[in-house]
Amino acid sequence: MSAQAPTADLFRSEHMRRRRIVNKVVEGVATVAALAAVAVLIIVVSSVVRSGWDAINLDFFTKNQTLYSGFGPRPASGIANAIVGTLIIIGIAILMALPVGVATAIYLNELAPRKLANVLTLAFDVLNGVPAIVLGIFVFVFVVVGHGQAAWKASFALAILMVPMIARSTQEVLALVPASMREASLALGAAKWRTTLSIVLPQAVGGIVTGATLATARAAGETAPLLFTTALYSADTMTYDPRQPIPSIPMFIFTSAEQPDPVLHQQAWGAAAVLIGIILIASLIARWFADRSVQRLKGER
Amino acid sequence: MTDVNYPVDVSVQKPEERTEQTEQPAGLSQAIDPSLLAAKPPAQTLARDRVFSIENLTAYYGNSPAISDVSFEIYQRMVTAIIGPSGCGKSTFIRCLNRMNDVISGFRTDGRILYHDVDLQGRNIDPVGVRRRIGMVFQRPNPFPKSIYENIAYGPRILGLKRDLDGRVEGALRRAALWDEVKDRLKQSALGLSGGQQQRLCIARALAVEPDVILMDEPASALDPIATTRIEDLMHELKRDYTIVVVTHNMQQAARVADMTAFFSISRGEEGQRSGVLVEYDDTKTIFTQPKDTRTEDYVTGRFG
């Protein structure tokens, strides 16, 4: 390397070739992996929609399920009461899980001593991995046995599932709020709770909504806890009372798929498509709401 | 708040005006333009009302002291500068004055900090109340990601000062010399302001809760020279109504803005642990022209630090 021209390194050369190839390979693998993930999503959604498409019509959304005996003309049936039931169960579950999850995250990130916070965080990660059926049995043993089933008990089981997810995702976004924001607020004579509520939480709204949406999406499709808590419903009536067992989309899918009836199979696919649609719409609304509140916070129009 | 009549009021003079009346001070300052110091009133002629009396203050992070045995007094409606090399505990010290270090786990202090003769570390003292009276401006501008208006209104709102909030916001922005620049865009994000404007916004935010003292921790270190000048001019204006304590790395800045200057340095204890100590405290002119301690002399003449 004695008398090399200062521009020598600028030209494409043989010993740089390997680097270029490695670079291309890595880029290629990453791109293929991303495309594969999207492809799987498209295949799953499209096959669900294709299989259920013929079941989806106006009656499907407006009529309740029917108890068809297999004789005589088949009455028009739908999943109206299951859709309403799922919305009620999930709605109550969010009302239970969101405040607890966010409060837990605030405790872990803002208040708890570091060591305790680490232990609790680990505990939540473990709870996050507990299968839904275990939570279902837990709720069954403690609140269903001897008291009967009820929709709110399903919500309770799902809330147990959602709390660690919401808490962990909220905790992560709270940690991203700069310490200088907390200092600025404290230095104005704001108490800690005030700083957390007025300064820290609003900056974390986007992440909280994302976490809550993910948790909701997961809970909305869970069937196991529902089996224990809200399975003994009357399928042909609309029920709004969460103190009663009420029908739900996952339970409808589960029970219909077990029947030796191709029409019900098709309706099960249709119900799955509706569930995906509900989750998609809920995610978009949550996203839009979060974006709007972030913008309002920043004072930009 | 008695109306003390200062023999020489530097606060209304702009730096460039002061440079005209140059007289060569007898001293050794080579790093500092002597003209900066010319108009400073001699120490003994300044009327002094104590705001803080710091008595044997030692502050620890865990077991190691960050500052050791600091004692001095800070006077009302003056700018007091804290200067010294990196790691000498300047920031630790200033954050003790409004109990900002409370949020750091493992932090504790020995000694006393008397604020108008009340011990700030006392058992029945509410740190939240302390910070309401003793405001703080930080090294990096840290406006909330809210509108300009909401940034200022936040403090008064949480303290229940909700009457005439618009007037209060305007007053704070005017005192921070920012009103004319932002009056047409109060609803816009504070993050759209320049760094210098953001720092003045942070000063306005601190003023909006009507503090008695304003602590500034290297308020201009992240700013360009023009923005720095504006902050310094602002300090001259503000000291008519407020007591200001400013930490600075910049000796010229201390010479320009401060009435009193405290020089901190690093000392090694018996076991070799480093901690910050107060080397010398005097009126700024004396610190920069006739320091009594050779360490101060070395520092202000640029021989170390």
# chains A, B, ... in the order shown; residues from 1 in each chain; ligands from 1

$ residues_around --residues "Ser105 of chain B" --least-positions-apart "2" --cutoff "9 Å" --atoms "only C-alpha atoms" --output "ChimeraX atom specification"
/A:113 /B:61-62,101-103,107-108

$ closest_atom_pairs --of "chain A" --to "chain B" --cutoff "12 Å" --atoms "only C-alpha atoms" --output "JSON lines"
{"residue": "A:Glu110", "atom": "CA", "partner": "B:Val103", "partner_atom": "CA", "distance": 10.4}
{"residue": "A:Leu111", "atom": "CA", "partner": "B:Val103", "partner_atom": "CA", "distance": 10.3}
{"residue": "A:Ala112", "atom": "CA", "partner": "B:Ser105", "partner_atom": "CA", "distance": 11.2}
{"residue": "A:Pro113", "atom": "CA", "partner": "B:Ser105", "partner_atom": "CA", "distance": 8.7}
{"residue": "A:Arg114", "atom": "CA", "partner": "B:Ser105", "partner_atom": "CA", "distance": 9.5}
{"residue": "A:Val177", "atom": "CA", "partner": "B:Phe144", "partner_atom": "CA", "distance": 10.8}
{"residue": "A:Pro178", "atom": "CA", "partner": "B:Asn142", "partner_atom": "CA", "distance": 9.4}
{"residue": "A:Ala179", "atom": "CA", "partner": "B:Asn142", "partner_atom": "CA", "distance": 9.8}
{"residue": "A:Ser180", "atom": "CA", "partner": "B:Asn142", "partner_atom": "CA", "distance": 6.3}
{"residue": "A:Met181", "atom": "CA", "partner": "B:Asn142", "partner_atom": "CA", "distance": 6.5}
{"residue": "A:Arg182", "atom": "CA", "partner": "B:Phe144", "partner_atom": "CA", "distance": 9.6}
{"residue": "A:Glu183", "atom": "CA", "partner": "B:Met100", "partner_atom": "CA", "distance": 7.8}
{"residue": "A:Ala184", "atom": "CA", "partner": "B:Asn142", "partner_atom": "CA", "distance": 6.8}
{"residue": "A:Ser185", "atom": "CA", "partner": "B:Gly155", "partner_atom": "CA", "distance": 7.9}
{"residue": "A:Leu186", "atom": "CA", "partner": "B:Arg131", "partner_atom": "CA", "distance": 7.2}
{"residue": "A:Ala187", "atom": "CA", "partner": "B:Arg131", "partner_atom": "CA", "distance": 5.3}
{"residue": "A:Leu188", "atom": "CA", "partner": "B:Arg132", "partner_atom": "CA", "distance": 5.4}
{"residue": "A:Gly189", "atom": "CA", "partner": "B:Arg132", "partner_atom": "CA", "distance": 4.0}
{"residue": "A:Ala190", "atom": "CA", "partner": "B:Val128", "partner_atom": "CA", "distance": 6.3}
{"residue": "A:Ala191", "atom": "CA", "partner": "B:Val128", "partner_atom": "CA", "distance": 6.0}
{"residue": "A:Lys192", "atom": "CA", "partner": "B:Val128", "partner_atom": "CA", "distance": 8.7}
{"residue": "A:Trp193", "atom": "CA", "partner": "B:Ile158", "partner_atom": "CA", "distance": 11.2}
{"residue": "A:Arg194", "atom": "CA", "partner": "B:Ile158", "partner_atom": "CA", "distance": 7.8}
{"residue": "A:Thr195", "atom": "CA", "partner": "B:Ile158", "partner_atom": "CA", "distance": 9.6}
{"residue": "A:Leu197", "atom": "CA", "partner": "B:Ile158", "partner_atom": "CA", "distance": 11.4}
{"residue": "A:Ser198", "atom": "CA", "partner": "B:Tyr154", "partner_atom": "CA", "distance": 8.9}
{"residue": "A:Ile199", "atom": "CA", "partner": "B:Phe144", "partner_atom": "CA", "distance": 7.5}
{"residue": "A:Val200", "atom": "CA", "partner": "B:Phe144", "partner_atom": "CA", "distance": 9.8}
{"residue": "A:Pro202", "atom": "CA", "partner": "B:Pro145", "partner_atom": "CA", "distance": 9.5}
{"residue": "A:Gln203", "atom": "CA", "partner": "B:Pro145", "partner_atom": "CA", "distance": 7.9}
{"residue": "A:Ala204", "atom": "CA", "partner": "B:Pro145", "partner_atom": "CA", "distance": 11.5}
{"residue": "A:Ser293", "atom": "CA", "partner": "B:Lys146", "partner_atom": "CA", "distance": 11.2}
{"residue": "A:Val294", "atom": "CA", "partner": "B:Pro145", "partner_atom": "CA", "distance": 9.2}
{"residue": "A:Gln295", "atom": "CA", "partner": "B:Lys146", "partner_atom": "CA", "distance": 9.0}
{"residue": "A:Arg296", "atom": "CA", "partner": "B:Lys146", "partner_atom": "CA", "distance": 8.0}
{"residue": "A:Leu297", "atom": "CA", "partner": "B:Lys146", "partner_atom": "CA", "distance": 5.2}
{"residue": "A:Lys298", "atom": "CA", "partner": "B:Lys146", "partner_atom": "CA", "distance": 4.2}
{"residue": "A:Gly299", "atom": "CA", "partner": "B:Ser147", "partner_atom": "CA", "distance": 4.5}
{"residue": "A:Glu300", "atom": "CA", "partner": "B:Gln188", "partner_atom": "CA", "distance": 5.7}
{"residue": "A:Arg301", "atom": "CA", "partner": "B:Gln188", "partner_atom": "CA", "distance": 8.2}

$ write_last_selection --atoms "N, CA and C atoms" --output "compact mmCIF listing (two decimals), in the first residue's frame"
# COMPACT_ATOMS: atom_id res chain seq x y z
N GLU A 110 -43.07 4.18 36.34
CA GLU A 110 -42.91 5.48 36.99
C GLU A 110 -42.68 5.37 38.50
N LEU A 111 -43.21 4.32 39.11
CA LEU A 111 -43.24 4.32 40.57
C LEU A 111 -42.40 3.23 41.21
N ALA A 112 -42.43 2.02 40.64
CA ALA A 112 -41.83 0.88 41.32
C ALA A 112 -40.31 1.00 41.36
N PRO A 113 -39.68 0.52 42.46
CA PRO A 113 -38.23 0.42 42.47
C PRO A 113 -37.77 -0.49 41.34
N ARG A 114 -36.59 -0.21 40.80
CA ARG A 114 -36.15 -0.89 39.59
C ARG A 114 -36.17 -2.42 39.71
N VAL A 177 -40.76 7.98 26.63
CA VAL A 177 -41.00 9.41 26.89
C VAL A 177 -39.75 9.96 27.59
N PRO A 178 -39.13 11.00 27.02
CA PRO A 178 -37.85 11.46 27.57
C PRO A 178 -37.97 11.92 29.02
N ALA A 179 -36.92 11.64 29.80
CA ALA A 179 -36.89 12.08 31.19
C ALA A 179 -37.01 13.60 31.29
N SER A 180 -36.53 14.31 30.25
CA SER A 180 -36.57 15.77 30.31
C SER A 180 -38.01 16.29 30.38
N MET A 181 -38.96 15.51 29.84
CA MET A 181 -40.36 15.93 29.91
C MET A 181 -40.87 15.86 31.35
N ARG A 182 -40.48 14.78 32.02
CA ARG A 182 -40.91 14.64 33.42
C ARG A 182 -40.26 15.73 34.26
N GLU A 183 -38.98 15.97 34.03
CA GLU A 183 -38.28 17.01 34.79
C GLU A 183 -38.92 18.37 34.57
N ALA A 184 -39.25 18.66 33.30
CA ALA A 184 -39.84 19.96 33.00
C ALA A 184 -41.13 20.17 33.79
N SER A 185 -41.92 19.11 33.87
CA SER A 185 -43.19 19.22 34.58
C SER A 185 -42.97 19.31 36.09
N LEU A 186 -42.09 18.47 36.61
CA LEU A 186 -41.82 18.50 38.05
C LEU A 186 -41.27 19.86 38.47
N ALA A 187 -40.43 20.45 37.61
CA ALA A 187 -39.80 21.73 37.94
C ALA A 187 -40.82 22.87 37.99
N LEU A 188 -42.00 22.65 37.42
CA LEU A 188 -43.04 23.68 37.48
C LEU A 188 -43.89 23.54 38.74
N GLY A 189 -43.54 22.58 39.58
CA GLY A 189 -44.33 22.39 40.78
C GLY A 189 -45.49 21.45 40.55
N ALA A 190 -45.38 20.58 39.54
CA ALA A 190 -46.43 19.58 39.32
C ALA A 190 -46.10 18.36 40.16
N ALA A 191 -47.13 17.78 40.76
CA ALA A 191 -46.93 16.54 41.51
C ALA A 191 -46.69 15.41 40.52
N LYS A 192 -46.19 14.31 41.04
CA LYS A 192 -45.83 13.19 40.18
C LYS A 192 -47.02 12.63 39.42
N TRP A 193 -48.14 12.46 40.13
CA TRP A 193 -49.32 11.90 39.46
C TRP A 193 -49.77 12.81 38.33
N ARG A 194 -49.66 14.13 38.59
CA ARG A 194 -50.09 15.11 37.59
C ARG A 194 -49.18 15.05 36.36
N THR A 195 -47.89 14.94 36.63
CA THR A 195 -46.92 14.82 35.54
C THR A 195 -47.21 13.59 34.70
N LEU A 197 -50.08 11.90 34.41
CA LEU A 197 -51.34 11.96 33.67
C LEU A 197 -51.32 13.00 32.56
N SER A 198 -50.73 14.18 32.83
CA SER A 198 -50.84 15.28 31.86
C SER A 198 -49.72 15.30 30.85
N ILE A 199 -48.56 14.80 31.20
CA ILE A 199 -47.41 14.93 30.30
C ILE A 199 -46.98 13.57 29.74
N VAL A 200 -46.82 12.60 30.62
CA VAL A 200 -46.24 11.32 30.16
C VAL A 200 -47.25 10.50 29.37
N PRO A 202 -50.16 11.24 27.77
CA PRO A 202 -50.58 11.70 26.45
C PRO A 202 -49.54 11.43 25.37
N GLN A 203 -48.26 11.47 25.75
CA GLN A 203 -47.23 11.22 24.75
C GLN A 203 -47.15 9.74 24.39
N ALA A 204 -47.77 8.91 25.21
CA ALA A 204 -47.69 7.47 24.98
C ALA A 204 -48.97 6.92 24.38
N SER A 293 -55.55 12.22 18.36
CA SER A 293 -55.24 12.76 19.69
C SER A 293 -53.77 13.18 19.77
N VAL A 294 -52.90 12.47 19.04
CA VAL A 294 -51.50 12.87 19.02
C VAL A 294 -51.36 14.23 18.34
N GLN A 295 -52.11 14.41 17.25
CA GLN A 295 -52.01 15.68 16.53
C GLN A 295 -52.57 16.83 17.35
N ARG A 296 -53.68 16.55 18.03
CA ARG A 296 -54.27 17.60 18.85
C ARG A 296 -53.30 17.99 19.96
N LEU A 297 -52.62 16.97 20.48
CA LEU A 297 -51.65 17.21 21.55
C LEU A 297 -50.54 18.12 21.09
N LYS A 298 -50.09 17.90 19.86
CA LYS A 298 -48.97 18.69 19.35
C LYS A 298 -49.41 20.07 18.88
N GLY A 299 -50.72 20.28 18.81
CA GLY A 299 -51.21 21.58 18.40
C GLY A 299 -51.07 21.81 16.91
N GLU A 300 -50.96 20.73 16.15
CA GLU A 300 -50.90 20.89 14.70
C GLU A 300 -52.25 20.54 14.12
N ARG A 301 -52.56 21.17 13.04
CA ARG A 301 -53.85 20.86 12.42
C ARG A 301 -53.62 19.96 11.23

$ atom_distance --atom1 "atom CA of Leu116 of chain A" --atom2 "atom CA of Phe138 of chain A"
25.9 Å

$ select_by_dssp --residues "segment 89-285 of chain B" --states "strand (DSSP E)" --output "ChimeraX atom specification"
/B:107-115,118-119,134-137,213-217,243-247,260-268,274-283

$ write_last_selection --atoms "C-alpha atoms" --output "PDB file, in the first residue's frame"
ATOM      1  CA  PHE B 107     -29.428  10.556  46.197  1.00  0.00           C
ATOM      2  CA  ARG B 108     -29.134  12.188  49.610  1.00  0.00           C
ATOM      3  CA  THR B 109     -27.673  15.265  51.212  1.00  0.00           C
ATOM      4  CA  ASP B 110     -26.047  16.341  54.445  1.00  0.00           C
ATOM      5  CA  GLY B 111     -25.938  19.907  55.658  1.00  0.00           C
ATOM      6  CA  ARG B 112     -28.569  22.549  55.190  1.00  0.00           C
ATOM      7  CA  ILE B 113     -29.984  24.674  52.424  1.00  0.00           C
ATOM      8  CA  LEU B 114     -31.862  27.569  53.973  1.00  0.00           C
ATOM      9  CA  TYR B 115     -34.283  29.349  51.665  1.00  0.00           C
ATOM     10  CA  VAL B 118     -36.369  27.716  55.982  1.00  0.00           C
ATOM     11  CA  ASP B 119     -34.495  24.455  55.672  1.00  0.00           C
ATOM     12  CA  ILE B 134     -37.982  27.866  42.667  1.00  0.00           C
ATOM     13  CA  GLY B 135     -38.281  27.316  38.930  1.00  0.00           C
ATOM     14  CA  MET B 136     -35.767  25.673  36.670  1.00  0.00           C
ATOM     15  CA  VAL B 137     -34.596  25.942  33.074  1.00  0.00           C
ATOM     16  CA  VAL B 213     -35.985  32.094  42.007  1.00  0.00           C
ATOM     17  CA  ILE B 214     -35.057  30.799  38.573  1.00  0.00           C
ATOM     18  CA  LEU B 215     -32.361  28.169  38.330  1.00  0.00           C
ATOM     19  CA  MET B 216     -30.725  27.790  34.947  1.00  0.00           C
ATOM     20  CA  ASP B 217     -28.580  24.756  34.238  1.00  0.00           C
ATOM     21  CA  THR B 243     -33.174  35.816  41.784  1.00  0.00           C
ATOM     22  CA  ILE B 244     -31.256  33.883  39.159  1.00  0.00           C
ATOM     23  CA  VAL B 245     -28.724  31.127  39.655  1.00  0.00           C
ATOM     24  CA  VAL B 246     -27.019  29.997  36.470  1.00  0.00           C
ATOM     25  CA  VAL B 247     -24.635  27.134  35.883  1.00  0.00           C
ATOM     26  CA  MET B 260     -21.697  36.970  41.950  1.00  0.00           C
ATOM     27  CA  THR B 261     -19.694  33.990  40.838  1.00  0.00           C
ATOM     28  CA  ALA B 262     -18.974  30.738  42.626  1.00  0.00           C
ATOM     29  CA  PHE B 263     -16.081  28.661  41.361  1.00  0.00           C
ATOM     30  CA  PHE B 264     -16.366  24.921  41.937  1.00  0.00           C
ATOM     31  CA  SER B 265     -13.551  22.489  41.373  1.00  0.00           C
ATOM     32  CA  ILE B 266     -12.782  18.820  41.834  1.00  0.00           C
ATOM     33  CA  SER B 267     -10.918  17.684  44.901  1.00  0.00           C
ATOM     34  CA  ARG B 268      -9.702  14.249  45.864  1.00  0.00           C
ATOM     35  CA  ARG B 274     -13.335  12.720  43.543  1.00  0.00           C
ATOM     36  CA  SER B 275     -15.904  15.211  44.624  1.00  0.00           C
ATOM     37  CA  GLY B 276     -16.837  18.780  43.824  1.00  0.00           C
ATOM     38  CA  VAL B 277     -15.930  21.544  46.238  1.00  0.00           C
ATOM     39  CA  LEU B 278     -16.542  25.256  46.347  1.00  0.00           C
ATOM     40  CA  VAL B 279     -13.153  26.899  45.862  1.00  0.00           C
ATOM     41  CA  GLU B 280     -14.054  30.537  45.875  1.00  0.00           C
ATOM     42  CA  TYR B 281     -17.131  32.724  45.940  1.00  0.00           C
ATOM     43  CA  ASP B 282     -17.051  36.430  45.434  1.00  0.00           C
ATOM     44  CA  ASP B 283     -18.419  39.157  43.239  1.00  0.00           C
TER      45      ASP B 283
END

$ closest_residue --among "A:Ile42, A:Ile83, A:Val32, A:Leu214" --to "Asn64 of chain A" --atoms "only C-alpha atoms"
A:Ile83

$ select_by_dssp --residues "segment 71-261 of chain A" --states "helix (DSSP H, G or I)" --output "ChimeraX atom specification"
/A:80-111,114-128,132-144,151-176,179-187,192-203,205-221,224-229,249-258

$ residues_around --residues "Thr216 of chain A" --least-positions-apart "2" --cutoff "9 Å" --atoms "only C-alpha atoms" --output "list in words"
Ile90, Ala93, Ile94, Leu158, Met162, Gly211, Ala212, Thr213, Leu214, Arg218, Ala219, Ala220, Gly221 and Ile279 of chain A

$ residues_around --residues "Ala271 of chain A" --least-positions-apart "6" --cutoff "12 Å" --atoms "only C-alpha atoms" --output "VMD selection string"
chain A and resid 48 to 49 51 to 57 60 to 61 65 78 to 83 86 221 248 to 257 264 to 265 277 to 278

$ write_last_selection --atoms "N, CA and C atoms" --output "mmCIF file, in the first residue's frame"
data_model
loop_
_atom_site.group_PDB
_atom_site.id
_atom_site.type_symbol
_atom_site.label_atom_id
_atom_site.label_comp_id
_atom_site.auth_asym_id
_atom_site.auth_seq_id
_atom_site.Cartn_x
_atom_site.Cartn_y
_atom_site.Cartn_z
ATOM 1 N N VAL A 48 -60.460 -17.664 3.887
ATOM 2 C CA VAL A 48 -61.597 -17.519 4.807
ATOM 3 C C VAL A 48 -62.751 -16.834 4.095
ATOM 4 N N VAL A 49 -62.435 -15.731 3.429
ATOM 5 C CA VAL A 49 -63.491 -14.963 2.775
ATOM 6 C C VAL A 49 -64.122 -15.796 1.650
ATOM 7 N N SER A 51 -64.301 -19.094 1.326
ATOM 8 C CA SER A 51 -65.125 -20.192 1.846
ATOM 9 C C SER A 51 -66.422 -19.688 2.438
ATOM 10 N N GLY A 52 -66.386 -18.502 3.020
ATOM 11 C CA GLY A 52 -67.578 -18.026 3.716
ATOM 12 C C GLY A 52 -68.424 -17.084 2.901
ATOM 13 N N TRP A 53 -67.934 -16.727 1.699
ATOM 14 C CA TRP A 53 -68.567 -15.652 0.931
ATOM 15 C C TRP A 53 -70.056 -15.897 0.704
ATOM 16 N N ASP A 54 -70.412 -17.148 0.361
ATOM 17 C CA ASP A 54 -71.804 -17.444 0.012
ATOM 18 C C ASP A 54 -72.728 -17.361 1.226
ATOM 19 N N ALA A 55 -72.157 -17.482 2.411
ATOM 20 C CA ALA A 55 -72.992 -17.403 3.617
ATOM 21 C C ALA A 55 -73.295 -15.954 3.986
ATOM 22 N N ILE A 56 -72.485 -15.033 3.449
ATOM 23 C CA ILE A 56 -72.610 -13.636 3.892
ATOM 24 C C ILE A 56 -73.634 -12.911 3.021
ATOM 25 N N ASN A 57 -74.742 -12.609 3.640
ATOM 26 C CA ASN A 57 -75.772 -11.789 2.998
ATOM 27 C C ASN A 57 -76.447 -10.974 4.092
ATOM 28 N N PHE A 60 -77.573 -12.734 7.194
ATOM 29 C CA PHE A 60 -76.472 -13.188 8.039
ATOM 30 C C PHE A 60 -76.188 -12.185 9.158
ATOM 31 N N PHE A 61 -76.391 -10.900 8.850
ATOM 32 C CA PHE A 61 -76.115 -9.849 9.849
ATOM 33 C C PHE A 61 -77.335 -9.469 10.674
ATOM 34 N N GLN A 65 -79.290 -16.957 15.060
ATOM 35 C CA GLN A 65 -79.114 -18.355 14.690
ATOM 36 C C GLN A 65 -80.450 -19.085 14.838
ATOM 37 N N GLY A 78 -78.827 -16.269 10.740
ATOM 38 C CA GLY A 78 -77.641 -15.410 10.695
ATOM 39 C C GLY A 78 -76.896 -15.484 12.009
ATOM 40 N N ILE A 79 -76.026 -14.524 12.206
ATOM 41 C CA ILE A 79 -75.230 -14.519 13.435
ATOM 42 C C ILE A 79 -75.357 -13.188 14.167
ATOM 43 N N ALA A 80 -76.504 -12.520 13.960
ATOM 44 C CA ALA A 80 -76.677 -11.191 14.572
ATOM 45 C C ALA A 80 -76.419 -11.241 16.073
ATOM 46 N N ASN A 81 -76.988 -12.235 16.748
ATOM 47 C CA ASN A 81 -76.828 -12.271 18.209
ATOM 48 C C ASN A 81 -75.397 -12.631 18.610
ATOM 49 N N ALA A 82 -74.699 -13.398 17.732
ATOM 50 C CA ALA A 82 -73.302 -13.718 18.048
ATOM 51 C C ALA A 82 -72.411 -12.481 17.890
ATOM 52 N N ILE A 83 -72.700 -11.668 16.844
ATOM 53 C CA ILE A 83 -71.911 -10.434 16.653
ATOM 54 C C ILE A 83 -72.105 -9.503 17.850
ATOM 55 N N THR A 86 -70.326 -10.921 20.914
ATOM 56 C CA THR A 86 -68.876 -10.705 20.899
ATOM 57 C C THR A 86 -68.537 -9.256 21.228
ATOM 58 N N GLY A 221 -60.707 -13.416 19.338
ATOM 59 C CA GLY A 221 -60.747 -14.710 18.679
ATOM 60 C C GLY A 221 -60.620 -15.888 19.621
ATOM 61 N N SER A 248 -71.536 -15.892 20.986
ATOM 62 C CA SER A 248 -70.420 -15.093 20.485
ATOM 63 C C SER A 248 -69.928 -15.700 19.185
ATOM 64 N N ILE A 249 -69.189 -14.954 18.411
ATOM 65 C CA ILE A 249 -68.731 -15.439 17.109
ATOM 66 C C ILE A 249 -67.804 -16.659 17.258
ATOM 67 N N PRO A 250 -66.804 -16.612 18.144
ATOM 68 C CA PRO A 250 -65.944 -17.802 18.246
ATOM 69 C C PRO A 250 -66.725 -19.048 18.641
ATOM 70 N N MET A 251 -67.689 -18.891 19.570
ATOM 71 C CA MET A 251 -68.476 -20.051 19.973
ATOM 72 C C MET A 251 -69.327 -20.551 18.808
ATOM 73 N N PHE A 252 -69.835 -19.607 18.003
ATOM 74 C CA PHE A 252 -70.628 -19.997 16.839
ATOM 75 C C PHE A 252 -69.764 -20.785 15.853
ATOM 76 N N ILE A 253 -68.550 -20.276 15.615
ATOM 77 C CA ILE A 253 -67.641 -20.980 14.702
ATOM 78 C C ILE A 253 -67.360 -22.374 15.230
ATOM 79 N N PHE A 254 -67.063 -22.456 16.527
ATOM 80 C CA PHE A 254 -66.700 -23.725 17.145
ATOM 81 C C PHE A 254 -67.835 -24.737 17.058
ATOM 82 N N THR A 255 -69.044 -24.310 17.454
ATOM 83 C CA THR A 255 -70.158 -25.262 17.474
ATOM 84 C C THR A 255 -70.600 -25.608 16.055
ATOM 85 N N SER A 256 -70.612 -24.641 15.143
ATOM 86 C CA SER A 256 -71.059 -24.916 13.778
ATOM 87 C C SER A 256 -70.112 -25.863 13.063
ATOM 88 N N ALA A 257 -68.823 -25.674 13.309
ATOM 89 C CA ALA A 257 -67.839 -26.504 12.616
ATOM 90 C C ALA A 257 -67.948 -27.962 13.047
ATOM 91 N N LEU A 264 -73.926 -25.013 7.779
ATOM 92 C CA LEU A 264 -73.327 -24.456 8.996
ATOM 93 C C LEU A 264 -71.819 -24.284 8.831
ATOM 94 N N HIS A 265 -71.197 -25.215 8.122
ATOM 95 C CA HIS A 265 -69.762 -25.063 7.864
ATOM 96 C C HIS A 265 -69.488 -23.762 7.118
ATOM 97 N N GLY A 277 -63.152 -9.007 9.905
ATOM 98 C CA GLY A 277 -63.592 -7.663 9.512
ATOM 99 C C GLY A 277 -63.775 -6.756 10.709
ATOM 100 N N ILE A 278 -64.403 -7.283 11.763
ATOM 101 C CA ILE A 278 -64.636 -6.472 12.971
ATOM 102 C C ILE A 278 -63.296 -6.016 13.558
#

$ residues_around --residues "Ser234 of chain A" --least-positions-apart "4" --cutoff "9 Å" --atoms "only C-alpha atoms" --output "VMD selection string"
chain A and resid 238 to 239 245 to 247

$ residues_around --residues "segment 96-108 of chain A" --least-positions-apart "4" --cutoff "9 Å" --atoms "only C-alpha atoms" --output "JSON, numbers by chain"
{"A": [91, 92, 112, 113, 114, 116, 117, 118, 120, 121, 155, 156, 158, 159, 160, 161, 162, 163, 164, 165, 166, 167, 168, 169, 170, 171, 172, 174, 196, 201, 208, 212]}

$ decode --residues "segment 262-296 of chain B" --atoms "C-alpha atoms" --output "short mmCIF file (atom, residue, chain, number, x, y, z; two decimals), in the first residue's frame"
data_model
loop_
_atom_site.label_atom_id
_atom_site.label_comp_id
_atom_site.auth_asym_id
_atom_site.auth_seq_id
_atom_site.Cartn_x
_atom_site.Cartn_y
_atom_site.Cartn_z
CA ALA B 262 -18.97 30.74 42.63
CA PHE B 263 -16.08 28.66 41.36
CA PHE B 264 -16.37 24.92 41.94
CA SER B 265 -13.55 22.49 41.37
CA ILE B 266 -12.78 18.82 41.83
CA SER B 267 -10.92 17.68 44.90
CA ARG B 268 -9.70 14.25 45.86
CA GLY B 269 -10.62 12.91 49.26
CA GLU B 270 -8.43 10.77 51.52
CA GLU B 271 -9.41 7.59 49.72
CA GLY B 272 -8.87 9.15 46.34
CA GLN B 273 -12.56 9.65 45.58
CA ARG B 274 -13.33 12.72 43.54
CA SER B 275 -15.90 15.21 44.62
CA GLY B 276 -16.84 18.78 43.82
CA VAL B 277 -15.93 21.54 46.24
CA LEU B 278 -16.54 25.26 46.35
CA VAL B 279 -13.15 26.90 45.86
CA GLU B 280 -14.05 30.54 45.87
CA TYR B 281 -17.13 32.72 45.94
CA ASP B 282 -17.05 36.43 45.43
CA ASP B 283 -18.42 39.16 43.24
CA THR B 284 -17.79 38.39 39.62
CA LYS B 285 -15.23 41.12 39.09
CA THR B 286 -13.09 39.85 41.92
CA ILE B 287 -13.31 36.25 40.75
CA PHE B 288 -12.14 37.18 37.30
CA THR B 289 -9.55 39.82 38.17
CA GLN B 290 -8.27 39.22 41.68
CA PRO B 291 -9.05 35.67 42.64
CA LYS B 292 -7.67 34.69 45.99
CA ASP B 293 -7.17 31.04 45.17
CA THR B 294 -4.63 29.89 42.58
CA ARG B 295 -7.05 27.22 41.32
CA THR B 296 -9.55 29.93 40.46
#
